[in-house]
file structure00.cif (mmCIF, C-alpha atoms, pLDDT in the B column; chains and numbers go by the auth columns)
data_upload
loop_
_atom_site.group_PDB
_atom_site.id
_atom_site.type_symbol
_atom_site.label_atom_id
_atom_site.label_comp_id
_atom_site.label_asym_id
_atom_site.label_seq_id
_atom_site.Cartn_x
_atom_site.Cartn_y
_atom_site.Cartn_z
_atom_site.B_iso_or_equiv
_atom_site.auth_seq_id
_atom_site.auth_asym_id
ATOM 1 C CA LYS A 1 17.674 16.196 -13.741 73.00 1 A
ATOM 2 C CA ALA A 2 18.764 18.767 -11.220 81.00 2 A
ATOM 3 C CA GLY A 3 18.614 17.642 -7.611 92.00 3 A
ATOM 4 C CA VAL A 4 16.772 19.182 -4.703 96.00 4 A
ATOM 5 C CA THR A 5 17.852 22.799 -4.263 97.00 5 A
ATOM 6 C CA GLN A 6 17.700 24.613 -0.953 97.00 6 A
ATOM 7 C CA THR A 7 18.319 28.300 -0.430 97.00 7 A
ATOM 8 C CA PRO A 8 19.979 29.911 1.312 97.00 8 A
ATOM 9 C CA ARG A 9 22.725 27.516 2.437 96.00 9 A
ATOM 10 C CA TYR A 10 23.513 29.491 5.577 97.00 10 A
ATOM 11 C CA LEU A 11 21.532 31.900 7.730 96.00 11 A
ATOM 12 C CA ILE A 12 22.276 33.772 10.901 98.00 12 A
ATOM 13 C CA LYS A 13 19.367 35.227 12.849 97.00 13 A
ATOM 14 C CA THR A 14 18.761 36.529 16.341 97.00 14 A
ATOM 15 C CA ARG A 15 16.217 35.350 18.876 97.00 15 A
ATOM 16 C CA GLY A 16 12.705 36.591 18.223 97.00 16 A
ATOM 17 C CA GLN A 17 13.182 37.048 14.485 98.00 17 A
ATOM 18 C CA GLN A 18 11.477 34.947 11.860 97.00 18 A
ATOM 19 C CA VAL A 19 13.021 33.120 8.936 98.00 19 A
ATOM 20 C CA THR A 20 11.886 31.625 5.632 98.00 20 A
ATOM 21 C CA LEU A 21 13.699 28.774 3.930 98.00 21 A
ATOM 22 C CA SER A 22 13.120 27.702 0.350 98.00 22 A
ATOM 23 C CA CYS A 23 13.202 24.322 -1.372 98.00 23 A
ATOM 24 C CA SER A 24 12.880 23.420 -5.044 98.00 24 A
ATOM 25 C CA PRO A 25 12.206 19.699 -5.548 97.00 25 A
ATOM 26 C CA ILE A 26 13.442 17.498 -8.326 95.00 26 A
ATOM 27 C CA SER A 27 11.515 18.224 -11.499 94.00 27 A
ATOM 28 C CA GLY A 28 8.331 16.152 -11.559 91.00 28 A
ATOM 29 C CA HIS A 29 8.318 15.426 -7.829 93.00 29 A
ATOM 30 C CA ARG A 30 5.170 16.716 -6.166 92.00 30 A
ATOM 31 C CA SER A 31 5.913 15.701 -2.598 93.00 31 A
ATOM 32 C CA VAL A 32 8.202 17.805 -0.415 96.00 32 A
ATOM 33 C CA SER A 33 9.180 17.015 3.181 96.00 33 A
ATOM 34 C CA TRP A 34 11.114 19.044 5.708 97.00 34 A
ATOM 35 C CA TYR A 35 13.394 17.736 8.457 97.00 35 A
ATOM 36 C CA GLN A 36 15.313 19.315 11.285 97.00 36 A
ATOM 37 C CA GLN A 37 18.709 17.850 12.101 95.00 37 A
ATOM 38 C CA THR A 38 20.482 18.596 15.371 94.00 38 A
ATOM 39 C CA PRO A 39 23.270 16.785 17.229 90.00 39 A
ATOM 40 C CA GLY A 40 20.993 16.227 20.208 87.00 40 A
ATOM 41 C CA GLN A 41 17.800 15.053 18.520 90.00 41 A
ATOM 42 C CA GLY A 42 19.039 13.692 15.213 91.00 42 A
ATOM 43 C CA LEU A 43 16.786 13.868 12.163 94.00 43 A
ATOM 44 C CA GLN A 44 13.229 14.852 13.003 95.00 44 A
ATOM 45 C CA PHE A 45 10.350 15.086 10.574 94.00 45 A
ATOM 46 C CA LEU A 46 8.631 18.473 10.412 96.00 46 A
ATOM 47 C CA PHE A 47 5.956 18.157 7.718 94.00 47 A
ATOM 48 C CA GLU A 48 5.193 16.953 4.235 94.00 48 A
ATOM 49 C CA TYR A 49 3.363 18.719 1.428 94.00 49 A
ATOM 50 C CA PHE A 50 1.793 17.206 -1.643 92.00 50 A
ATOM 51 C CA SER A 51 -0.019 19.208 -4.307 91.00 51 A
ATOM 52 C CA GLU A 52 -0.034 22.324 -2.112 94.00 52 A
ATOM 53 C CA THR A 53 -1.647 20.484 0.834 94.00 53 A
ATOM 54 C CA GLN A 54 0.016 19.483 4.080 93.00 54 A
ATOM 55 C CA ARG A 55 -0.310 15.717 4.223 89.00 55 A
ATOM 56 C CA ASN A 56 1.715 14.764 7.292 89.00 56 A
ATOM 57 C CA LYS A 57 2.982 16.681 10.279 91.00 57 A
ATOM 58 C CA GLY A 58 5.593 15.943 12.901 92.00 58 A
ATOM 59 C CA ASN A 59 5.621 16.957 16.530 92.00 59 A
ATOM 60 C CA PHE A 60 6.793 20.567 16.322 96.00 60 A
ATOM 61 C CA PRO A 61 5.212 23.734 17.735 96.00 61 A
ATOM 62 C CA GLY A 62 3.049 25.996 15.622 95.00 62 A
ATOM 63 C CA ARG A 63 5.983 28.399 15.156 97.00 63 A
ATOM 64 C CA PHE A 64 7.073 26.026 12.418 98.00 64 A
ATOM 65 C CA SER A 65 4.936 26.281 9.312 97.00 65 A
ATOM 66 C CA GLY A 66 5.228 25.607 5.646 97.00 66 A
ATOM 67 C CA ARG A 67 3.542 25.900 2.326 97.00 67 A
ATOM 68 C CA GLN A 68 3.833 24.573 -1.163 97.00 68 A
ATOM 69 C CA PHE A 69 3.242 26.378 -4.407 97.00 69 A
ATOM 70 C CA SER A 70 1.628 25.165 -7.612 95.00 70 A
ATOM 71 C CA ASN A 71 5.080 24.491 -9.124 94.00 71 A
ATOM 72 C CA SER A 72 5.833 22.199 -6.128 95.00 72 A
ATOM 73 C CA ARG A 73 8.402 24.565 -4.655 97.00 73 A
ATOM 74 C CA SER A 74 8.072 24.757 -0.912 98.00 74 A
ATOM 75 C CA GLU A 75 8.904 27.231 1.810 98.00 75 A
ATOM 76 C CA MET A 76 9.308 26.691 5.507 98.00 76 A
ATOM 77 C CA ASN A 77 8.843 29.483 8.012 98.00 77 A
ATOM 78 C CA VAL A 78 9.914 29.666 11.625 98.00 78 A
ATOM 79 C CA SER A 79 8.573 32.545 13.674 95.00 79 A
ATOM 80 C CA THR A 80 9.844 33.905 16.986 96.00 80 A
ATOM 81 C CA LEU A 81 13.149 32.112 16.712 97.00 81 A
ATOM 82 C CA GLU A 82 14.653 30.454 19.767 97.00 82 A
ATOM 83 C CA LEU A 83 18.267 29.443 20.381 97.00 83 A
ATOM 84 C CA GLY A 84 17.188 25.804 20.149 96.00 84 A
ATOM 85 C CA ASP A 85 16.052 26.296 16.560 97.00 85 A
ATOM 86 C CA SER A 86 19.678 26.348 15.463 97.00 86 A
ATOM 87 C CA ALA A 87 19.955 23.334 13.189 97.00 87 A
ATOM 88 C CA LEU A 88 20.442 22.008 9.700 96.00 88 A
ATOM 89 C CA TYR A 89 17.092 22.072 7.922 97.00 89 A
ATOM 90 C CA LEU A 90 16.797 19.496 5.199 97.00 90 A
ATOM 91 C CA CYS A 91 14.261 19.325 2.430 97.00 91 A
ATOM 92 C CA ALA A 92 13.489 16.125 0.554 96.00 92 A
ATOM 93 C CA SER A 93 11.311 15.358 -2.420 95.00 93 A
ATOM 94 C CA ARG A 94 9.910 12.090 -3.672 91.00 94 A
ATOM 95 C CA ASP A 95 8.382 10.731 -6.820 87.00 95 A
ATOM 96 C CA ARG A 96 5.239 8.699 -7.380 81.00 96 A
ATOM 97 C CA GLY A 97 4.989 5.116 -8.500 76.00 97 A
ATOM 98 C CA GLU A 98 7.361 2.362 -7.502 72.00 98 A
ATOM 99 C CA ASN A 99 9.933 4.785 -6.073 76.00 99 A
ATOM 100 C CA LYS A 100 7.483 6.729 -3.938 77.00 100 A
ATOM 101 C CA ASN A 101 9.233 5.587 -0.761 80.00 101 A
ATOM 102 C CA ILE A 102 12.588 7.111 -1.690 88.00 102 A
ATOM 103 C CA GLN A 103 13.354 10.550 -0.295 90.00 103 A
ATOM 104 C CA TYR A 104 15.893 12.655 -2.226 93.00 104 A
ATOM 105 C CA PHE A 105 17.554 15.253 -0.044 95.00 105 A
ATOM 106 C CA GLY A 106 18.915 18.701 -0.651 96.00 106 A
ATOM 107 C CA ALA A 107 22.158 19.966 0.888 95.00 107 A
ATOM 108 C CA GLY A 108 20.269 21.777 3.619 96.00 108 A
ATOM 109 C CA THR A 109 20.099 25.231 5.131 97.00 109 A
ATOM 110 C CA ARG A 110 22.274 25.772 8.192 96.00 110 A
ATOM 111 C CA LEU A 111 20.403 28.120 10.552 97.00 111 A
ATOM 112 C CA SER A 112 22.224 29.705 13.466 97.00 112 A
ATOM 113 C CA VAL A 113 20.169 31.611 16.032 97.00 113 A
ATOM 114 C CA LEU A 114 22.160 34.020 18.223 96.00 114 A
ATOM 115 C CA ALA B 1 5.257 3.094 16.012 75.00 1 B
ATOM 116 C CA GLN B 2 8.308 2.415 13.924 83.00 2 B
ATOM 117 C CA SER B 3 11.792 2.966 15.329 90.00 3 B
ATOM 118 C CA VAL B 4 15.401 2.457 14.314 94.00 4 B
ATOM 119 C CA THR B 5 18.409 1.746 16.504 96.00 5 B
ATOM 120 C CA GLN B 6 21.979 2.191 15.410 97.00 6 B
ATOM 121 C CA PRO B 7 23.909 0.881 18.404 96.00 7 B
ATOM 122 C CA ASP B 8 27.281 2.303 17.395 95.00 8 B
ATOM 123 C CA ILE B 9 27.713 6.077 17.614 95.00 9 B
ATOM 124 C CA HIS B 10 31.255 5.928 16.246 96.00 10 B
ATOM 125 C CA ILE B 11 33.136 3.271 14.299 97.00 11 B
ATOM 126 C CA THR B 12 36.834 3.503 13.512 97.00 12 B
ATOM 127 C CA VAL B 13 38.406 1.329 10.832 97.00 13 B
ATOM 128 C CA SER B 14 41.666 1.293 8.927 97.00 14 B
ATOM 129 C CA GLU B 15 41.638 1.969 5.216 97.00 15 B
ATOM 130 C CA GLY B 16 41.290 -1.315 3.350 97.00 16 B
ATOM 131 C CA ALA B 17 39.596 -3.083 6.248 97.00 17 B
ATOM 132 C CA SER B 18 36.074 -4.459 6.071 97.00 18 B
ATOM 133 C CA LEU B 19 33.141 -2.601 7.573 97.00 19 B
ATOM 134 C CA GLU B 20 29.813 -3.519 9.110 97.00 20 B
ATOM 135 C CA LEU B 21 27.405 -0.930 10.483 98.00 21 B
ATOM 136 C CA ARG B 22 24.535 -2.262 12.529 98.00 22 B
ATOM 137 C CA CYS B 23 20.896 -1.302 12.279 97.00 23 B
ATOM 138 C CA ASN B 24 17.912 -2.759 14.123 96.00 24 B
ATOM 139 C CA TYR B 25 14.367 -1.668 13.428 93.00 25 B
ATOM 140 C CA SER B 26 11.011 -2.042 15.062 89.00 26 B
ATOM 141 C CA TYR B 27 7.995 -2.225 12.814 80.00 27 B
ATOM 142 C CA GLY B 28 5.028 -4.554 12.831 68.00 28 B
ATOM 143 C CA ALA B 29 4.489 -5.065 9.123 73.00 29 B
ATOM 144 C CA THR B 30 6.729 -5.298 6.087 74.00 30 B
ATOM 145 C CA PRO B 31 9.206 -2.437 6.329 85.00 31 B
ATOM 146 C CA TYR B 32 10.897 -0.424 3.672 90.00 32 B
ATOM 147 C CA LEU B 33 14.529 -0.045 4.753 93.00 33 B
ATOM 148 C CA PHE B 34 17.170 2.424 3.666 95.00 34 B
ATOM 149 C CA TRP B 35 20.755 3.425 4.269 97.00 35 B
ATOM 150 C CA TYR B 36 21.791 7.012 3.661 97.00 36 B
ATOM 151 C CA VAL B 37 25.210 8.657 3.889 97.00 37 B
ATOM 152 C CA GLN B 38 25.897 12.254 4.861 96.00 38 B
ATOM 153 C CA SER B 39 29.208 14.001 4.308 93.00 39 B
ATOM 154 C CA PRO B 40 30.012 17.073 6.418 87.00 40 B
ATOM 155 C CA GLY B 41 27.852 20.047 5.520 82.00 41 B
ATOM 156 C CA GLN B 42 25.853 18.045 3.007 87.00 42 B
ATOM 157 C CA GLY B 43 22.442 16.468 2.719 91.00 43 B
ATOM 158 C CA LEU B 44 21.703 12.765 2.771 94.00 44 B
ATOM 159 C CA GLN B 45 22.511 10.549 -0.190 95.00 45 B
ATOM 160 C CA LEU B 46 20.742 7.228 -0.657 95.00 46 B
ATOM 161 C CA LEU B 47 23.170 4.290 -0.592 97.00 47 B
ATOM 162 C CA LEU B 48 20.675 1.457 -0.986 96.00 48 B
ATOM 163 C CA LYS B 49 17.149 0.354 -0.220 93.00 49 B
ATOM 164 C CA TYR B 50 15.208 -2.803 0.525 92.00 50 B
ATOM 165 C CA PHE B 51 11.556 -3.103 -0.413 87.00 51 B
ATOM 166 C CA SER B 52 11.090 -6.818 -1.052 83.00 52 B
ATOM 167 C CA GLY B 53 12.669 -9.813 -2.752 85.00 53 B
ATOM 168 C CA ASP B 54 16.331 -10.736 -2.405 86.00 54 B
ATOM 169 C CA THR B 55 17.398 -9.980 1.156 90.00 55 B
ATOM 170 C CA LEU B 56 20.926 -9.021 0.089 95.00 56 B
ATOM 171 C CA VAL B 57 20.832 -5.673 -1.676 96.00 57 B
ATOM 172 C CA GLN B 58 23.614 -3.937 -3.504 96.00 58 B
ATOM 173 C CA GLY B 59 24.065 -0.197 -3.409 96.00 59 B
ATOM 174 C CA ILE B 60 26.339 2.499 -4.679 95.00 60 B
ATOM 175 C CA LYS B 61 30.011 2.943 -3.762 94.00 61 B
ATOM 176 C CA GLY B 62 30.480 -0.795 -3.187 96.00 62 B
ATOM 177 C CA PHE B 63 28.098 -1.042 -0.226 97.00 63 B
ATOM 178 C CA GLU B 64 25.658 -3.861 0.423 97.00 64 B
ATOM 179 C CA ALA B 65 23.131 -4.619 3.151 98.00 65 B
ATOM 180 C CA GLU B 66 21.339 -7.729 4.290 96.00 66 B
ATOM 181 C CA PHE B 67 17.768 -7.799 5.561 94.00 67 B
ATOM 182 C CA LYS B 68 17.213 -10.367 8.301 93.00 68 B
ATOM 183 C CA ARG B 69 13.580 -10.453 9.328 90.00 69 B
ATOM 184 C CA SER B 70 14.166 -12.866 12.225 90.00 70 B
ATOM 185 C CA GLN B 71 16.655 -10.443 13.781 93.00 71 B
ATOM 186 C CA SER B 72 14.892 -7.227 12.689 92.00 72 B
ATOM 187 C CA SER B 73 18.217 -6.094 11.300 95.00 73 B
ATOM 188 C CA PHE B 74 19.470 -4.394 8.175 96.00 74 B
ATOM 189 C CA ASN B 75 23.248 -4.180 8.528 98.00 75 B
ATOM 190 C CA LEU B 76 25.412 -2.298 6.067 98.00 76 B
ATOM 191 C CA ARG B 77 28.671 -3.817 4.851 98.00 77 B
ATOM 192 C CA LYS B 78 31.626 -2.982 2.671 98.00 78 B
ATOM 193 C CA PRO B 79 34.534 -5.372 2.052 97.00 79 B
ATOM 194 C CA SER B 80 37.243 -2.718 1.792 97.00 80 B
ATOM 195 C CA VAL B 81 36.860 0.798 3.147 97.00 81 B
ATOM 196 C CA HIS B 82 38.338 3.843 1.406 96.00 82 B
ATOM 197 C CA TRP B 83 39.310 7.071 3.153 95.00 83 B
ATOM 198 C CA SER B 84 36.524 8.844 1.229 95.00 84 B
ATOM 199 C CA ASP B 85 33.951 6.671 3.018 97.00 85 B
ATOM 200 C CA ALA B 86 34.429 8.680 6.208 97.00 86 B
ATOM 201 C CA ALA B 87 30.992 10.192 6.849 97.00 87 B
ATOM 202 C CA GLU B 88 27.816 9.808 8.890 97.00 88 B
ATOM 203 C CA TYR B 89 25.611 6.837 8.036 98.00 89 B
ATOM 204 C CA PHE B 90 21.894 6.712 8.712 97.00 90 B
ATOM 205 C CA CYS B 91 19.577 3.749 8.672 97.00 91 B
ATOM 206 C CA ALA B 92 15.879 4.466 8.101 95.00 92 B
ATOM 207 C CA VAL B 93 12.595 2.555 8.064 92.00 93 B
ATOM 208 C CA ALA B 94 9.332 3.510 6.394 88.00 94 B
ATOM 209 C CA SER B 95 5.930 1.932 6.251 78.00 95 B
ATOM 210 C CA GLY B 96 5.474 -0.636 3.538 59.00 96 B
ATOM 211 C CA ALA B 97 1.801 -1.050 4.261 58.00 97 B
ATOM 212 C CA SER B 98 -0.899 0.154 1.929 56.00 98 B
ATOM 213 C CA GLY B 99 -2.014 3.585 3.005 58.00 99 B
ATOM 214 C CA GLY B 100 1.219 4.176 4.892 59.00 100 B
ATOM 215 C CA SER B 101 2.596 7.661 5.069 65.00 101 B
ATOM 216 C CA TYR B 102 5.975 6.666 3.570 77.00 102 B
ATOM 217 C CA ILE B 103 7.659 9.096 5.965 85.00 103 B
ATOM 218 C CA PRO B 104 10.878 7.415 7.107 89.00 104 B
ATOM 219 C CA THR B 105 12.058 7.236 10.683 91.00 105 B
ATOM 220 C CA PHE B 106 15.806 7.655 10.965 95.00 106 B
ATOM 221 C CA GLY B 107 18.316 6.207 13.374 96.00 107 B
ATOM 222 C CA ARG B 108 20.671 8.521 15.247 96.00 108 B
ATOM 223 C CA GLY B 109 23.484 7.756 12.848 96.00 109 B
ATOM 224 C CA THR B 110 26.900 6.125 13.007 97.00 110 B
ATOM 225 C CA SER B 111 29.979 8.241 12.412 97.00 111 B
ATOM 226 C CA LEU B 112 32.608 6.361 10.414 97.00 112 B
ATOM 227 C CA ILE B 113 36.228 7.340 10.945 97.00 113 B
ATOM 228 C CA VAL B 114 38.807 5.913 8.564 97.00 114 B
ATOM 229 C CA HIS B 115 42.463 5.711 9.554 94.00 115 B
ATOM 230 C CA PRO B 116 45.136 5.649 6.842 88.00 116 B
#

call {"tool": "encode", "arguments": {"input": "structure00.cif", "output": "structure tokens"}}
result
Amino acid sequence: KAGVTQTPRYLIKTRGQQVTLSCSPISGHRSVSWYQQTPGQGLQFLFEYFSETQRNKGNFPGRFSGRQFSNSRSEMNVSTLELGDSALYLCASRDRGENKNIQYFGAGTRLSVL
Amino acid sequence: AQSVTQPDIHITVSEGASLELRCNYSYGATPYLFWYVQSPGQGLQLLLKYFSGDTLVQGIKGFEAEFKRSQSSFNLRKPSVHWSDAAEYFCAVASGASGGSYIPTFGRGTSLIVHP
């Protein structure tokens, strides 16, 4: 099976713009989570979607939003970008059943806000 | 709330030497524990996991970890380090309780530097 695919790999934006990141989970996985990784804060959970519904949410402002489509692909949107939003954004998908606790990660999207 | 502490920010070892990366967790019930590895510019790859049963778990790339409930620890070990093991290592804990969210909490990571 193909792994988790994130596009694009790199993005450069300026303050005030908005950005949309895309994630395609492993085939058959219906749960998709998003994480922000920065040197200062480490890996922080943004939100999780399952069957097109947000199931869990981390402690991020409303500028960060997401959605999931019927094919389980997910997008994450950040509006009104700030310099502090520069980070590696990681998407992870997980299966059901006995391996439901295992998150499989994509390579990430590196966002730079200038 | 669950939490993970990786006390060592950086670890430097010589190639061929043994390795132990420390991880302590805080969680009231039975935890699910993981070690992930991240190479520069890449996502996280699962090395091994502990859900239940044998407290010594084997993973990929010759790594193993031991769950010690009395010490709330889940340390990662490798008997002989290779230069390609240089990377960032993350310990994570998730809820093992019924109805848990399964969202893992990650430690801050330990950067492994391997000298030739």

call {"tool": "closest_residue", "arguments": {"input": "structure00.cif", "among": "B:Leu44, B:Ala29, B:Leu56, B:Val93", "to": "chain A", "atoms": "only C-alpha atoms"}}
result
B:Leu44

call {"tool": "closest_atom_pairs", "arguments": {"input": "structure00.cif", "of": "chain B", "to": "chain A", "cutoff": "10 Å", "atoms": "all atoms listed in the file", "output": "CSV"}}
result
residue,atom,partner,partner_atom,distance
B:Tyr32,CA,A:Asn101,CA,7.7
B:Leu33,CA,A:Asn101,CA,9.5
B:Phe34,CA,A:Ile102,CA,8.5
B:Tyr36,CA,A:Gln103,CA,10.0
B:Gln38,CA,A:Ala107,CA,9.4
B:Ser39,CA,A:Ala107,CA,9.8
B:Gly41,CA,A:Ala107,CA,7.3
B:Gln42,CA,A:Ala107,CA,4.7
B:Gly43,CA,A:Ala107,CA,4.0
B:Leu44,CA,A:Phe105,CA,5.6
B:Gln45,CA,A:Phe105,CA,6.8
B:Leu46,CA,A:Tyr104,CA,7.4
B:Leu48,CA,A:Ile102,CA,9.9
B:Lys49,CA,A:Ile102,CA,8.3
B:Phe51,CA,A:Asn101,CA,9.0
B:Phe90,CA,A:Leu43,CA,9.4
B:Val93,CA,A:Asn101,CA,9.9
B:Ala94,CA,A:Asn101,CA,7.5
B:Ser95,CA,A:Asn101,CA,8.6
B:Gly96,CA,A:Asn101,CA,8.4
B:Gly100,CA,A:Asn101,CA,9.9
B:Ser101,CA,A:Asn56,CA,7.5
B:Tyr102,CA,A:Asn101,CA,5.5
B:Ile103,CA,A:Asn101,CA,7.7
B:Pro104,CA,A:Asn101,CA,8.2
B:Thr105,CA,A:Phe45,CA,8.0
B:Phe106,CA,A:Leu43,CA,6.4
B:Gly107,CA,A:Gly42,CA,7.7
B:Arg108,CA,A:Gly42,CA,5.4
B:Gly109,CA,A:Gly42,CA,7.8

call {"tool": "residues_around", "arguments": {"input": "structure00.cif", "residues": "Phe63 (chain B)", "least_positions_apart": "5", "cutoff": "10 Å", "atoms": "only C-alpha atoms", "output": "list in words"}}
result
Leu19, Glu20, Trp35, Leu47, Leu48, Val57, Gln58, Leu76, Arg77, Lys78, Pro79, Ser80 and Val81 of chain B

call {"tool": "atom_distance", "arguments": {"input": "structure00.cif", "atom1": "CA of Ala2 (chain A)", "atom2": "CA of Ser27 (chain A)"}}
result
7.3 Å

call {"tool": "residues_around", "arguments": {"input": "structure00.cif", "residues": "His82 (chain B)", "least_positions_apart": "4", "cutoff": "9 Å", "atoms": "only C-alpha atoms", "output": "PyMOL selection string"}}
result
chain B and resi 14-17+86+114+116

call {"tool": "axis_aligned_box", "arguments": {"input": "structure00.cif", "around": "region 100-112 of chain B", "padding_each_side": "4 Å", "output": "lines of an AutoDock Vina configuration file"}}
result
center_x = 16.9
center_y = 6.6
center_z = 9.4
size_x = 39.4
size_y = 12.9
size_z = 19.7

call {"tool": "atom_distance", "arguments": {"input": "structure00.cif", "atom1": "CA of Asp54 (chain B)", "atom2": "CA of Leu21 (chain B)"}}
result
19.6 Å

call {"tool": "closest_residue", "arguments": {"input": "structure00.cif", "among": "B:Tyr27, B:Asp85, B:Ile113, B:Asn75", "to": "Pro7 (chain B)", "atoms": "only C-alpha atoms"}}
result
B:Asn75

call {"tool": "closest_residue", "arguments": {"input": "structure00.cif", "among": "A:Ser74, A:Ser24, A:Thr14, A:Gln37", "to": "Gln54 (chain A)", "atoms": "only C-alpha atoms"}}
result
A:Ser74

call {"tool": "atom_distance", "arguments": {"input": "structure00.cif", "atom1": "CA of Gly59 (chain B)", "atom2": "CA of His115 (chain B)"}}
result
23.3 Å

call {"tool": "resolve_selection", "arguments": {"input": "structure00.cif", "expression": "the PyMOL selection byres ((chain A and resi 62) around 12)", "output": "list in words"}}
result
Leu46, Phe47, Lys57, Gly58, Asn59, Phe60, Pro61, Arg63, Phe64, Ser65, Gly66, Met76, Asn77, Val78, Ser79, Thr80 and Leu81 of chain A

call {"tool": "write_last_selection", "arguments": {"input": "structure00.cif", "atoms": "C-alpha atoms", "output": "tab-separated table (two decimals), keeping the file's coordinate frame"}}
result
chain	number	residue	atom	x	y	z
A	46	LEU	CA	8.63	18.47	10.41
A	47	PHE	CA	5.96	18.16	7.72
A	57	LYS	CA	2.98	16.68	10.28
A	58	GLY	CA	5.59	15.94	12.90
A	59	ASN	CA	5.62	16.96	16.53
A	60	PHE	CA	6.79	20.57	16.32
A	61	PRO	CA	5.21	23.73	17.74
A	63	ARG	CA	5.98	28.40	15.16
A	64	PHE	CA	7.07	26.03	12.42
A	65	SER	CA	4.94	26.28	9.31
A	66	GLY	CA	5.23	25.61	5.65
A	76	MET	CA	9.31	26.69	5.51
A	77	ASN	CA	8.84	29.48	8.01
A	78	VAL	CA	9.91	29.67	11.62
A	79	SER	CA	8.57	32.54	13.67
A	80	THR	CA	9.84	33.90	16.99
A	81	LEU	CA	13.15	32.11	16.71

call {"tool": "residues_near_point", "arguments": {"input": "structure00.cif", "point": "(19.9, 27.3, 13.2)", "cutoff": "7 Å", "atoms": "all atoms listed in the file", "output": "PyMOL selection string"}}
result
chain A and resi 85-88+110-113
